[in-house]
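Novice: I'm passing along entry.cif; it holds mmCIF, C-alpha atoms.
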data_my_file
loop_
_atom_site.label_atom_id
_atom_site.label_comp_id
_atom_site.auth_asym_id
_atom_site.auth_seq_id
_atom_site.Cartn_x
_atom_site.Cartn_y
_atom_site.Cartn_z
CA MET K 1 0.00 0.00 0.00
CA THR K 2 1.55 3.27 -1.00
CA TYR K 3 0.55 6.78 -0.19
CA ASP K 4 0.93 9.39 -2.76
CA ILE K 5 1.63 12.71 -1.06
CA GLU K 6 2.26 15.68 -3.16
CA ASP K 7 4.72 18.39 -2.15
CA ASP K 8 1.95 20.86 -1.37
CA GLN K 9 0.29 18.43 1.01
CA GLU K 10 3.58 17.71 2.79
CA GLU K 11 4.02 21.36 3.70
CA LEU K 12 0.52 21.51 5.11
CA VAL K 13 1.07 18.40 7.22
CA SER K 14 4.34 19.67 8.73
CA GLU K 15 2.96 23.07 9.62
CA ILE K 16 2.59 23.69 13.39
CA ALA K 17 -0.74 24.74 14.70
CA PRO K 18 -0.70 28.03 16.66
CA ASP K 19 -0.98 27.91 20.46
CA THR K 20 -4.40 28.38 21.87
CA LEU K 21 -4.72 31.39 24.10
CA LEU K 22 -5.12 30.79 27.82
CA PRO K 23 -8.07 32.25 29.65
CA LYS K 24 -7.42 35.66 31.22
CA ASP K 25 -8.06 34.50 34.77
CA LEU K 26 -5.52 31.67 34.33
CA ILE K 27 -2.95 34.13 32.96
CA SER K 28 -3.44 36.46 35.91
CA HIS K 29 -3.21 33.51 38.32
CA LEU K 30 0.06 32.34 36.72
CA GLU K 31 1.48 35.87 36.90
CA SER K 32 0.55 36.16 40.59
CA ARG K 33 2.19 32.78 41.30
CA LYS K 34 5.32 33.89 39.47
CA GLN K 35 5.43 37.12 41.52
CA HIS K 36 4.84 35.18 44.74
CA ARG K 37 7.72 32.85 43.88
CA LYS K 38 10.02 35.85 43.25
CA ASP K 39 8.96 37.38 46.58
CA VAL K 40 9.68 34.13 48.42
CA ILE K 41 13.12 33.87 46.80
CA ASN K 42 13.95 37.50 47.70
CA THR K 43 12.77 37.07 51.29
CA THR K 44 14.73 33.83 51.67
CA ASP K 45 17.83 35.53 50.26
CA LYS K 46 17.52 38.45 52.69
CA LEU K 47 16.97 36.14 55.68
CA THR K 48 19.92 33.98 54.68
CA ARG K 49 22.20 37.01 54.39
CA PHE K 50 21.01 38.29 57.77
CA PHE K 51 21.59 35.00 59.59
CA VAL K 52 24.96 34.39 57.92
CA GLY K 53 26.10 37.90 58.84
CA TRP K 54 24.77 37.54 62.37
CA SER K 55 26.47 34.17 62.86
CA LEU K 56 29.79 35.50 61.54
CA ASN K 57 29.62 38.54 63.83
CA SER K 58 28.72 36.47 66.88
CA THR K 59 31.46 33.95 66.07
CA GLY K 60 34.03 36.74 65.80
CA PHE K 61 32.80 38.26 69.06
CA PHE K 62 32.98 35.00 71.01
CA ILE K 63 36.37 34.02 69.57
CA ALA K 64 37.74 37.39 70.68
CA LYS K 65 36.18 36.94 74.13
CA TYR K 66 37.60 33.42 74.42
CA LEU K 67 41.10 34.50 73.42
CA LEU K 68 41.02 37.46 75.78
CA ILE K 69 39.69 35.44 78.70
CA THR K 70 42.16 32.57 78.26
CA GLY K 71 45.23 34.62 77.37
CA GLY K 72 44.48 38.10 78.65
CA GLY K 73 46.39 41.01 77.23
CA VAL K 74 48.87 38.69 75.53
CA ASN K 75 46.22 37.68 73.02
CA LEU K 76 44.83 41.21 72.55
CA TRP K 77 46.04 41.80 68.99
CA LEU K 78 45.36 38.21 67.96
CA ALA K 79 41.81 38.54 69.28
CA ILE K 80 41.31 41.86 67.49
CA THR K 81 42.58 40.62 64.11
CA LEU K 82 40.69 37.31 64.27
CA SER K 83 37.47 38.96 65.36
CA PHE K 84 37.64 41.65 62.69
CA SER K 85 38.60 39.11 60.00
CA ILE K 86 35.75 36.74 60.83
CA CYS K 87 33.20 39.53 61.17
CA SER K 88 34.16 41.07 57.83
CA VAL K 89 33.95 37.88 55.75
CA GLY K 90 30.28 38.42 54.89
CA SER K 91 30.79 42.02 53.86
CA LEU K 92 33.86 41.31 51.73
CA ALA K 93 31.94 38.62 49.84
CA GLY K 94 29.67 41.41 48.56
CA LEU K 95 32.53 42.84 46.51
CA THR K 96 32.33 40.00 44.00
CA GLY K 97 29.78 41.88 41.85
CA LEU K 98 31.70 45.19 41.89
CA ARG K 99 33.21 46.15 38.54
CA ILE K 100 35.43 49.20 38.11
CA ASN K 101 36.61 50.14 34.64
CA TYR K 102 38.49 53.12 33.25
CA ASN K 103 38.03 53.99 29.62
CA SER K 104 38.15 57.09 27.42
CA ASP K 105 34.91 58.37 28.96
CA GLY K 106 36.36 58.20 32.48
CA LEU K 107 35.86 55.97 35.48
CA GLU K 108 32.98 53.52 35.19
CA VAL K 109 31.66 51.67 38.25
CA ASP K 110 28.95 49.00 38.24
CA ASN K 111 27.18 47.59 41.30
CA MET K 112 28.20 50.51 43.52
CA GLN K 113 25.60 49.40 46.11
CA ASN K 114 27.88 46.42 46.86
CA LEU K 115 30.63 48.85 47.84
CA PHE K 116 28.30 50.61 50.28
CA LYS K 117 27.15 47.27 51.73
CA THR K 118 30.79 46.26 52.17
CA ALA K 119 31.63 49.55 53.89
CA GLY K 120 28.65 49.08 56.21
CA GLY K 121 29.71 45.50 56.94
CA LEU K 122 33.25 46.62 57.77
CA VAL K 123 31.86 49.27 60.14
CA PHE K 124 29.79 46.59 61.90
CA ALA K 125 32.85 44.31 62.06
CA GLY K 126 34.80 47.12 63.70
CA ILE K 127 31.99 47.82 66.18
CA THR K 128 31.71 44.13 67.08
CA THR K 129 35.47 43.87 67.64
CA TRP K 130 35.46 47.05 69.71
CA LEU K 131 32.59 45.73 71.85
CA ALA K 132 34.44 42.46 72.51
CA VAL K 133 37.60 44.29 73.60
CA LYS K 134 35.68 46.80 75.73
CA ASP K 135 33.73 43.98 77.38
CA TYR K 136 36.99 42.23 78.27
CA GLN K 137 38.54 45.46 79.59
CA TYR K 138 35.46 46.15 81.71
CA PHE K 139 35.61 42.72 83.35
CA GLU K 140 39.37 42.95 83.76
CA ASN K 141 39.02 46.28 85.60
CA LEU K 142 36.14 44.89 87.66
CA THR K 143 38.25 41.87 88.64
CA LYS K 144 41.21 44.06 89.61
CA GLU K 145 38.96 46.29 91.72
CA THR K 146 37.42 43.25 93.42
CA VAL K 147 40.83 41.76 94.21
CA THR K 148 42.04 45.09 95.56
CA GLN K 149 38.95 45.46 97.74
CA ILE K 150 39.26 41.90 99.09
CA ASN K 151 42.96 42.47 99.90
CA GLN K 152 42.15 45.72 101.68
CA ASP K 153 39.40 44.02 103.69
CA ILE K 154 41.71 41.15 104.63
CA GLN K 155 44.44 43.56 105.75
CA THR K 156 41.93 45.55 107.80
CA ILE K 157 40.68 42.39 109.55
CA GLU K 158 44.24 41.13 110.11
CA LYS K 159 45.21 44.43 111.74
CA GLN K 160 42.22 44.18 114.05
CA ASN K 161 42.70 40.46 114.76
CA PRO K 162 46.37 39.50 114.22
CA GLN K 163 45.79 35.94 115.48
CA SER K 164 43.65 35.12 112.39
CA ASP K 165 46.47 35.91 109.94
CA PRO K 166 46.75 32.74 107.77
CA TRP K 167 43.30 31.33 108.49
CA LEU K 168 41.33 34.30 107.19
CA SER K 169 43.07 34.17 103.80
CA ILE K 170 42.46 30.43 103.60
CA ALA K 171 38.79 30.87 104.52
CA VAL K 172 38.26 33.62 101.92
CA ALA K 173 39.99 31.55 99.23
CA LEU K 174 37.90 28.49 100.15
CA ALA K 175 34.67 30.52 100.08
CA LEU K 176 35.51 31.94 96.65
CA PHE K 177 36.37 28.46 95.34
CA ILE K 178 33.16 26.89 96.65
CA GLY K 179 31.09 29.80 95.35
CA SER K 180 32.58 29.55 91.85
CA ILE K 181 32.10 25.77 91.73
CA ALA K 182 28.48 26.19 92.87
CA ILE K 183 27.85 28.76 90.12
CA ILE K 184 29.42 26.51 87.48
CA PHE K 185 27.41 23.42 88.42
CA ARG K 186 24.18 25.37 88.93
CA GLY K 187 24.47 26.67 85.35
CA ARG K 188 24.60 23.14 83.94
CA GLU K 189 21.23 22.08 85.39
#
Please express the file's structure as structure tokens.

Specialist:
Amino acid sequence: MTYDIEDDQEELVSEIAPDTLLPKDLISHLESRKQHRKDVINTTDKLTRFFVGWSLNSTGFFIAKYLLITGGGVNLWLAITLSFSICSVGSLAGLTGLRINYNSDGLEVDNMQNLFKTAGGLVFAGITTWLAVKDYQYFENLTKETVTQINQDIQTIEKQNPQSDPWLSIAVALALFIGSIAIIFRGRE
């Protein structure tokens, strides 16, 4: 069985039928879904940036605090550089879209908003580092004042009661030790 198809008929058979138009309410629904999807993506992107920046800043802050508490003033510059470096990672990543070009028309800069975001991020990194150092200095001064006050009180009591010379110091040290252990184990419950 053979089919005789002429050239004119072959062109008609291979021609694609035009798309049927969608109803207007379906088009508006699809457009609203597309806009909703874009809004969700933008909101997710903003939340992700916020939480990544917040976690980097808090990590830098706590690393600085840890280094300053464990090493004191010896680790001051190490704590400052590590804290600032960690806190500024998120803001420096924003420079990837910045493009600066110089041509015959002059200086051409694209994505300048990334430069402003980076500058803002570096300011926040500096503030976070400064807060960590100031917090350490506050507690260091408070500790020195407490130790000075305890020593003055011990000397005053020893002058009034010279027979309690070694025992008072031992009792104060024991009370401080027991109090700190009680605070540590109470915090774990």

Novice: Rank K:Ile183, K:Val147, K:Val52, K:Cys87 by their smallest atom-to-atom distance to Ala64 in chain K, using all atoms listed in the file, and report the top residue only.

Specialist: K:Cys87

Novice: Pick out the residues sitting within 12 Å of range 164-181 of chain K, and hand them over as a PyMOL selection string; count all atoms listed in the file, and ignore anything fewer than 2 positions along from it in its own chain.

Specialist: chain K and resi 146-147+150-162+183-188

Novice: Given the point (34.4, 40.8, 60.7) in the file's coordinates, find the residues that have an atom at most 8 Å from it, counting all atoms listed in the file, and give them as a PyMOL selection string.

Specialist: chain K and resi 56-57+60+83-91+121-122+124-126+128-129

Novice: With distances taken over all atoms listed in the file, which of K:Val133, K:Asp25, K:Lys117, K:Glu145 is nearest to Arg49 in chain K?

Specialist: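 Smallest separation from Arg49 in chain K among the options: K:Lys117.
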
Novice: Just the number, please: distance in Å from CA of Leu21 in chain K to CA of Arg37 in chain K, one decimal.

Specialist: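 Separation of CA of Leu21 in chain K and CA of Arg37 in chain K: 23.4 Å.
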
Novice: With the file shown as input, list the residues that the PyMOL selection byres ((chain K and resi 66) around 12) selects, as a list in words.

Specialist: Thr59, Gly60, Phe61, Phe62, Ile63, Ala64, Lys65, Leu67, Leu68, Ile69, Thr70, Gly71, Gly72, Gly73, Asn75, Leu76, Leu78, Ala79, Ile80, Leu82, Ser83, Ala132, Val133, Asp135 and Tyr136 of chain K

Novice: What is the distance, in Å and to one decimal place, between CA of Thr118 in chain K and CA of Thr81 in chain K?

Specialist: 17.7 Å

Novice: Padding of 3 Å on every side, edges along x, y and z, all listed atoms of range 38-44 of chain K included: what centre and edge lengths in Å, to one decimal, does that box have, as AutoDock Vina command-line options?

Specialist:
--center_x 11.8 --center_y 35.7 --center_z 47.5 --size_x 11.8 --size_y 9.7 --size_z 14.4
